>>> print(open('query06.cif').read())   # mmCIF, C-alpha atoms
data_entry
loop_
_atom_site.label_atom_id
_atom_site.label_comp_id
_atom_site.auth_asym_id
_atom_site.auth_seq_id
_atom_site.Cartn_x
_atom_site.Cartn_y
_atom_site.Cartn_z
CA GLN K 1 12.83 46.19 54.69
CA LEU K 2 9.68 45.86 52.59
CA TYR K 3 11.20 43.16 50.32
CA ILE K 4 10.25 45.12 47.21
CA SER K 5 12.33 47.20 44.80
CA GLN K 6 13.08 50.88 45.22
CA SER K 7 11.23 51.68 42.01
CA ALA K 8 8.11 49.90 43.33
CA VAL K 9 8.21 52.06 46.46
CA SER K 10 8.58 55.21 44.36
CA GLN K 11 5.63 54.17 42.18
CA SER K 12 3.46 53.47 45.22
CA VAL K 13 4.28 56.91 46.64
CA LYS K 14 3.39 58.57 43.33
CA VAL K 15 0.05 56.75 43.23
CA LEU K 16 -0.69 57.85 46.81
CA GLU K 17 0.23 61.48 46.06
CA LYS K 18 -1.96 61.46 42.94
CA ARG K 19 -4.91 60.01 44.86
CA LEU K 20 -4.58 62.59 47.63
CA GLY K 21 -3.81 65.46 45.28
CA LYS K 22 -0.93 66.47 47.56
CA GLN K 23 2.85 66.22 47.38
CA LEU K 24 4.05 64.22 50.37
CA PHE K 25 7.82 64.29 49.84
CA LEU K 26 10.42 66.85 48.80
CA ARG K 27 13.02 65.03 46.74
CA SER K 28 16.59 66.07 45.94
CA THR K 29 19.69 64.25 44.79
CA LYS K 30 20.94 63.87 48.37
CA LYS K 31 17.86 63.47 50.56
CA VAL K 32 14.11 63.02 50.81
CA GLN K 33 12.02 64.84 53.39
CA LEU K 34 8.34 65.18 54.21
CA THR K 35 6.27 68.15 53.10
CA PRO K 36 3.88 69.74 55.65
CA GLU K 37 1.12 67.58 54.11
CA GLY K 38 3.33 64.51 54.52
CA GLU K 39 3.88 65.38 58.19
CA ILE K 40 0.11 65.55 58.73
CA LEU K 41 -0.42 62.13 57.13
CA LEU K 42 2.45 60.63 59.15
CA ARG K 43 0.91 61.79 62.44
CA HIS K 44 -2.23 59.79 61.58
CA VAL K 45 -0.52 56.75 60.06
CA GLU K 46 2.17 56.22 62.71
CA PRO K 47 -0.19 55.36 65.61
CA ALA K 48 -2.04 52.90 63.35
CA MET K 49 1.19 51.16 62.36
CA ASN K 50 2.28 50.99 65.98
CA LEU K 51 -1.06 49.41 66.92
CA ILE K 52 -0.50 46.70 64.31
CA MET K 53 3.00 46.02 65.62
CA ARG K 54 1.68 45.99 69.18
CA GLY K 55 -0.95 43.41 68.19
CA GLU K 56 1.69 41.22 66.58
CA SER K 57 3.89 41.58 69.66
CA GLN K 58 1.08 40.54 72.00
CA LEU K 59 0.30 37.46 69.90
CA LEU K 60 3.95 36.49 70.03
CA ASP K 61 3.94 37.23 73.75
CA ALA K 62 1.91 34.20 74.80
CA ASN K 63 4.60 33.17 77.26
CA PRO K 64 6.58 36.09 78.73
CA LEU K 65 9.07 33.64 80.18
CA SER K 66 10.31 32.64 76.74
CA GLY K 67 9.56 35.60 74.46
CA GLY K 68 7.77 38.86 73.92
CA GLN K 69 8.84 42.45 74.34
CA LEU K 70 8.70 45.08 77.07
CA ARG K 71 8.59 48.65 75.71
CA ILE K 72 9.14 51.47 78.21
CA GLY K 73 9.58 55.22 77.85
CA ALA K 74 11.47 57.24 80.47
CA SER K 75 13.88 60.14 80.89
CA ASP K 76 17.65 59.85 81.39
CA THR K 77 17.43 60.59 85.10
CA ILE K 78 14.54 58.22 85.79
CA CYS K 79 16.26 55.43 83.85
CA ARG K 80 19.61 55.81 85.57
CA TYR K 81 18.61 56.60 89.14
CA PHE K 82 15.31 54.75 89.55
CA LEU K 83 14.41 52.35 86.76
CA ILE K 84 17.70 50.54 86.22
CA ASP K 85 17.35 48.25 89.26
CA TYR K 86 13.85 47.18 88.18
CA LEU K 87 15.03 46.51 84.62
CA LYS K 88 17.89 44.41 85.99
CA ARG K 89 15.45 42.39 88.11
CA PHE K 90 13.05 41.93 85.20
CA HIS K 91 15.85 40.78 82.90
CA GLN K 92 16.95 38.24 85.51
CA ASP K 93 13.37 36.98 86.03
CA TYR K 94 12.45 36.90 82.30
CA PRO K 95 15.66 36.62 80.24
CA GLY K 96 13.70 35.66 77.12
CA VAL K 97 11.83 38.97 76.97
CA ARG K 98 13.35 41.71 74.85
CA ILE K 99 13.52 45.06 76.67
CA LYS K 100 13.25 48.24 74.63
CA VAL K 101 13.73 51.52 76.50
CA THR K 102 12.98 54.71 74.59
CA ASN K 103 14.56 57.79 76.07
CA SER K 104 12.70 61.11 76.21
CA THR K 105 11.56 63.77 78.66
CA SER K 106 8.47 63.01 80.74
CA MET K 107 6.51 65.25 78.37
CA GLY K 108 7.96 63.51 75.33
CA CYS K 109 7.16 60.11 76.83
CA VAL K 110 3.45 60.99 76.83
CA GLU K 111 3.65 61.43 73.06
CA LEU K 112 5.35 58.03 72.77
CA LEU K 113 2.48 56.51 74.74
CA GLU K 114 -0.21 58.26 72.69
CA ASN K 115 1.44 57.05 69.46
CA ARG K 116 1.53 53.49 70.85
CA GLN K 117 5.33 53.38 70.55
CA VAL K 118 5.66 52.12 74.13
CA ASP K 119 3.53 49.97 76.44
CA LEU K 120 4.01 52.20 79.46
CA ILE K 121 6.07 55.13 80.64
CA VAL K 122 7.63 56.21 83.92
CA SER K 123 6.89 59.91 84.31
CA ASN K 124 7.29 62.77 86.73
CA LEU K 125 4.00 64.03 88.14
CA PRO K 126 2.47 66.49 87.71
CA ASN K 127 2.73 66.24 83.91
CA SER K 128 0.55 68.67 81.95
CA ARG K 129 0.67 66.47 78.83
CA LEU K 130 -1.21 63.54 80.39
CA THR K 131 -4.75 63.09 79.10
CA ALA K 132 -7.98 61.61 80.41
CA HIS K 133 -7.16 58.41 78.50
CA THR K 134 -4.24 57.51 80.74
CA LYS K 135 -4.03 55.74 84.07
CA VAL K 136 -1.24 56.33 86.53
CA GLN K 137 0.18 54.37 89.42
CA MET K 138 2.30 56.31 91.89
CA VAL K 139 5.51 54.43 92.61
CA LYS K 140 7.77 56.92 94.39
CA GLU K 141 7.51 60.25 96.19
CA PHE K 142 10.47 62.61 95.90
CA ARG K 143 11.46 66.23 96.40
CA ASP K 144 13.40 68.61 94.20
CA ILE K 145 16.38 70.06 96.05
CA PHE K 146 19.02 72.68 95.35
CA VAL K 147 22.65 71.59 95.59
CA ALA K 148 25.91 73.53 95.49
CA ASN K 149 29.66 73.21 95.96
CA PRO K 150 30.36 74.71 99.41
CA ASP K 151 33.78 75.94 98.25
CA PHE K 152 31.99 78.42 95.97
CA PHE K 153 28.72 78.82 97.87
CA PRO K 154 29.28 78.50 101.66
CA LEU K 155 25.62 78.01 102.50
CA GLU K 156 25.76 74.95 104.74
CA GLY K 157 23.60 75.37 107.84
CA LYS K 158 21.75 78.35 106.37
CA ALA K 159 18.08 78.37 105.37
CA LEU K 160 17.44 80.75 102.49
CA GLU K 161 14.29 82.63 101.57
CA ILE K 162 13.19 82.05 97.97
CA LYS K 163 13.92 85.70 97.19
CA LYS K 164 17.45 85.31 98.56
CA LEU K 165 18.01 82.13 96.52
CA MET K 166 17.24 84.16 93.39
CA GLU K 167 20.40 86.19 93.99
CA TYR K 168 22.53 83.16 93.11
CA PRO K 169 23.09 81.66 89.63
CA LEU K 170 20.55 78.85 89.30
CA LEU K 171 20.98 75.79 87.08
CA THR K 172 17.80 74.01 85.97
CA LEU K 173 16.39 71.70 83.35
CA SER K 174 15.20 73.21 80.07
CA SER K 175 11.81 74.86 79.69
CA LYS K 176 10.40 71.83 77.84
CA SER K 177 10.32 69.67 80.95
CA THR K 178 7.87 68.88 83.74
CA THR K 179 10.50 70.01 86.25
CA SER K 180 10.81 73.44 84.66
CA GLU K 181 7.03 73.88 84.60
CA TYR K 182 6.87 72.86 88.25
CA LEU K 183 9.68 75.21 89.33
CA HIS K 184 8.26 78.21 87.50
CA GLN K 185 4.87 77.63 89.12
CA PHE K 186 6.46 77.30 92.56
CA PHE K 187 8.50 80.49 92.21
CA ALA K 188 5.48 82.35 90.79
CA SER K 189 3.46 81.30 93.87
CA HIS K 190 6.08 83.17 95.91
CA ARG K 191 5.91 86.17 93.58
CA GLN K 192 9.27 85.46 92.01
CA ASN K 193 10.08 85.20 88.32
CA LEU K 194 12.52 82.31 87.89
CA ILE K 195 15.25 83.17 85.39
CA PRO K 196 17.89 80.39 85.43
CA GLU K 197 21.51 81.15 84.67
CA VAL K 198 21.77 77.87 82.75
CA GLU K 199 19.10 75.54 81.31
CA LEU K 200 20.12 72.05 80.20
CA ASN K 201 18.48 68.80 79.12
CA SER K 202 20.45 66.64 81.58
CA ASN K 203 20.41 66.46 85.38
CA ASP K 204 23.83 64.80 85.26
CA LEU K 205 25.25 67.87 83.51
CA LEU K 206 23.59 70.10 86.10
CA ILE K 207 25.41 68.12 88.81
CA ASP K 208 28.70 68.47 86.93
CA LEU K 209 28.29 72.24 86.60
CA ALA K 210 27.36 72.55 90.27
CA ARG K 211 30.49 70.59 91.18
CA ILE K 212 32.74 73.10 89.44
CA GLY K 213 30.96 76.00 91.12
CA LEU K 214 29.10 77.39 88.14
CA GLY K 215 25.89 77.74 90.14
CA ILE K 216 23.27 76.09 92.33
CA ALA K 217 21.53 73.18 90.62
CA CYS K 218 18.01 71.87 91.13
CA VAL K 219 17.85 68.06 91.00
CA PRO K 220 15.62 65.30 92.44
CA ASP K 221 16.66 64.11 95.90
CA TYR K 222 16.82 60.44 94.89
CA MET K 223 19.52 61.35 92.39
CA LEU K 224 21.77 62.87 95.02
CA ALA K 225 21.11 59.91 97.34
CA SER K 226 22.51 57.60 94.63
CA LEU K 227 25.66 59.71 94.38
CA ARG K 228 26.41 59.65 98.10
CA GLY K 229 29.65 57.89 98.86
CA GLN K 230 31.23 59.41 95.77
CA GLU K 231 33.36 62.54 95.77
CA THR K 232 30.48 64.84 94.84
CA ALA K 233 31.63 67.82 96.96
CA LEU K 234 28.01 68.99 97.00
CA ILE K 235 25.71 70.09 99.80
CA GLU K 236 21.97 70.57 99.88
CA VAL K 237 20.96 74.22 100.10
CA SER K 238 18.18 74.50 102.70
CA LEU K 239 15.15 76.63 101.94
CA LYS K 240 12.71 78.19 104.36
CA GLN K 241 9.93 77.36 101.86
CA GLN K 242 10.52 73.74 100.80
CA LEU K 243 9.35 72.67 97.39
CA PRO K 244 6.25 70.44 97.64
CA PRO K 245 6.84 66.75 96.90
CA ARG K 246 6.32 65.26 93.47
CA HIS K 247 5.88 61.66 92.33
CA LEU K 248 7.22 59.15 89.87
CA ALA K 249 4.43 57.15 88.28
CA LEU K 250 3.87 54.28 85.89
CA VAL K 251 1.51 55.48 83.17
CA TYR K 252 -0.34 53.41 80.58
CA HIS K 253 -3.17 53.87 78.10
CA GLU K 254 -6.47 52.73 79.59
CA SER K 255 -8.01 51.71 76.24
CA LEU K 256 -5.31 49.14 75.48
CA PRO K 257 -4.54 46.04 77.55
CA LEU K 258 -0.98 45.72 78.77
CA SER K 259 1.06 42.99 77.11
CA GLN K 260 1.91 40.06 79.37
CA ALA K 261 5.51 41.26 79.60
CA ALA K 262 4.39 44.79 80.54
CA GLN K 263 1.95 43.38 83.09
CA LYS K 264 4.72 41.33 84.72
CA PHE K 265 6.84 44.48 84.98
CA PHE K 266 3.86 46.44 86.29
CA ASP K 267 3.34 43.82 89.01
CA TYR K 268 6.69 44.77 90.59
CA PHE K 269 5.04 47.99 91.72
CA SER K 270 1.65 46.62 92.73
CA SER K 271 1.42 46.85 96.51
CA LYS K 272 -0.50 48.61 99.25
CA SER K 273 1.97 51.49 99.08
CA THR K 274 1.05 52.35 95.51
CA LYS K 275 -2.07 53.88 94.11
CA THR K 276 -3.64 53.52 90.65
CA THR K 277 -5.96 56.22 89.34
CA SER K 278 -7.29 57.70 86.13
CA PHE K 279 -5.48 60.95 85.45
#
>>> encode(input="query06.cif", output="structure tokens")
Amino acid sequence: QLYISQSAVSQSVKVLEKRLGKQLFLRSTKKVQLTPEGEILLRHVEPAMNLIMRGESQLLDANPLSGGQLRIGASDTICRYFLIDYLKRFHQDYPGVRIKVTNSTSMGCVELLENRQVDLIVSNLPNSRLTAHTKVQMVKEFRDIFVANPDFFPLEGKALEIKKLMEYPLLTLSSKSTTSEYLHQFFASHRQNLIPEVELNSNDLLIDLARIGLGIACVPDYMLASLRGQETALIEVSLKQQLPPRHLALVYHESLPLSQAAQKFFDYFSSKSTKTTSF
């Protein structure tokens, strides 16, 4: 990739380690891995390298109709149930632009943005990882709902108290997600300690487990709306205390201009129904 020999790379690394007075790599016959000191250096070097690549990309992006790159970060659920239609439209409008989608949780996407690995992200809000250096544009309001297979949980037509809901096995996203943070805060506000039966990294798997009656899953309402018409065998479990709405938002770094390709994508969401603010 560097168009130089392996020995030249090894020599350059040795010179760098000697200058820093630190060992950066642990070497063995089968693999090479970073030392803790190497990890520290990487965290500082990676954003700088991504800035250089971003600059090159923007120079090559003079005409988004014939070239350039759109780099987006988003979660599985957001990609599949919200973003895919916009990506399809963008690809049809600008077939010459390369689209790179990096998949991560909404929290992980913030790190991608901070490291300049993506131009913008689509994130759940609230997101505790967002900083004062980001700007957000709300693009969709949604609610988190609980769904179940009525053959195992005959709850249709009933409105449960939060305390009563806790008596059932609950299926939620893992603790390292904005949704988990949000749910724990909501349950705590009702003096309940949320202890899920199952925690997963995928809303689709939560739906699958709810289908087979393993528990009651918490998923965004727009996800279930997309599945209507299929044999989901799921019902929404009504609550007397509805979860407050959340938002999907486009997020970008305020100190860096959007590439022309990213701006064209951003324009799909620019309307009177959306709102752009500093976070």
>>> atom_distance(input="query06.cif", atom1="atom CA of K:Thr178", atom2="atom CA of K:Asp76")
13.5 Å
>>> residues_around(input="query06.cif", residues="K:His184", least_positions_apart="6", cutoff="12 Å", atoms="all atoms listed in the file", output="list in words")
Thr172, Leu173, Ser174, Ser175, Lys176, Ser177, Thr178, His190, Arg191, Gln192, Asn193, Leu194, Ile195, Pro196 and Leu243 of chain K
>>> resolve_selection(input="query06.cif", expression="the PyMOL selection byres ((chain K and resi 145) around 7)", output="PyMOL selection string")
chain K and resi 143-144+146-147+218-221+236
>>> write_last_selection(input="query06.cif", atoms="C-alpha atoms", output="PDB file, keeping the file's coordinate frame")
ATOM      1  CA  ARG K 143      11.460  66.230  96.400  1.00  0.00           C
ATOM      2  CA  ASP K 144      13.400  68.610  94.200  1.00  0.00           C
ATOM      3  CA  PHE K 146      19.020  72.680  95.350  1.00  0.00           C
ATOM      4  CA  VAL K 147      22.650  71.590  95.590  1.00  0.00           C
ATOM      5  CA  CYS K 218      18.010  71.870  91.130  1.00  0.00           C
ATOM      6  CA  VAL K 219      17.850  68.060  91.000  1.00  0.00           C
ATOM      7  CA  PRO K 220      15.620  65.300  92.440  1.00  0.00           C
ATOM      8  CA  ASP K 221      16.660  64.110  95.900  1.00  0.00           C
ATOM      9  CA  GLU K 236      21.970  70.570  99.880  1.00  0.00           C
TER      10      GLU K 236
END
>>> resolve_selection(input="query06.cif", expression="the PyMOL selection byres ((chain K and resi 197) around 8)", output="PyMOL selection string")
chain K and resi 169-171+195-196+198-199+215
>>> atom_distance(input="query06.cif", atom1="atom CA of K:Val45", atom2="atom CA of K:Leu16")
13.3 Å
>>> closest_residue(input="query06.cif", among="K:Leu51, K:Glu167, K:Ala262, K:Asn115", to="K:Lys100", atoms="all atoms listed in the file")
K:Ala262
>>> atom_distance(input="query06.cif", atom1="atom CA of K:Leu227", atom2="atom CA of K:Thr105")
21.5 Å
>>> closest_residue(input="query06.cif", among="K:Val136, K:Arg71, K:Gln242, K:Leu224", to="K:Phe187", atoms="all atoms listed in the file")
K:Gln242
>>> closest_residue(input="query06.cif", among="K:Leu26, K:Ala261, K:Val97, K:Val251", to="K:Thr131", atoms="all atoms listed in the file")
K:Val251
>>> resolve_selection(input="query06.cif", expression="the PyMOL selection byres ((chain K and resi 235) around 12)", output="number ranges by chain")
K: 145-158, 207, 210-211, 213, 216-219, 221, 224-225, 227-228, 231-234, 236-238
>>> residues_around(input="query06.cif", residues="K:Glu111", least_positions_apart="2", cutoff="12 Å", atoms="all atoms listed in the file", output="ChimeraX atom specification")
/K:43,46-47,73-74,102-109,113-121,123,127-131,134,251-253
>>> write_last_selection(input="query06.cif", atoms="C-alpha atoms", output="short mmCIF file (atom, residue, chain, number, x, y, z; two decimals), in the frame of the given file")
data_model
loop_
_atom_site.label_atom_id
_atom_site.label_comp_id
_atom_site.auth_asym_id
_atom_site.auth_seq_id
_atom_site.Cartn_x
_atom_site.Cartn_y
_atom_site.Cartn_z
CA ARG K 43 0.91 61.79 62.44
CA GLU K 46 2.17 56.22 62.71
CA PRO K 47 -0.19 55.36 65.61
CA GLY K 73 9.58 55.22 77.85
CA ALA K 74 11.47 57.24 80.47
CA THR K 102 12.98 54.71 74.59
CA ASN K 103 14.56 57.79 76.07
CA SER K 104 12.70 61.11 76.21
CA THR K 105 11.56 63.77 78.66
CA SER K 106 8.47 63.01 80.74
CA MET K 107 6.51 65.25 78.37
CA GLY K 108 7.96 63.51 75.33
CA CYS K 109 7.16 60.11 76.83
CA LEU K 113 2.48 56.51 74.74
CA GLU K 114 -0.21 58.26 72.69
CA ASN K 115 1.44 57.05 69.46
CA ARG K 116 1.53 53.49 70.85
CA GLN K 117 5.33 53.38 70.55
CA VAL K 118 5.66 52.12 74.13
CA ASP K 119 3.53 49.97 76.44
CA LEU K 120 4.01 52.20 79.46
CA ILE K 121 6.07 55.13 80.64
CA SER K 123 6.89 59.91 84.31
CA ASN K 127 2.73 66.24 83.91
CA SER K 128 0.55 68.67 81.95
CA ARG K 129 0.67 66.47 78.83
CA LEU K 130 -1.21 63.54 80.39
CA THR K 131 -4.75 63.09 79.10
CA THR K 134 -4.24 57.51 80.74
CA VAL K 251 1.51 55.48 83.17
CA TYR K 252 -0.34 53.41 80.58
CA HIS K 253 -3.17 53.87 78.10
#
>>> closest_residue(input="query06.cif", among="K:Leu41, K:Gln33, K:Val139, K:Lys240", to="K:Glu17", atoms="only C-alpha atoms")
K:Leu41
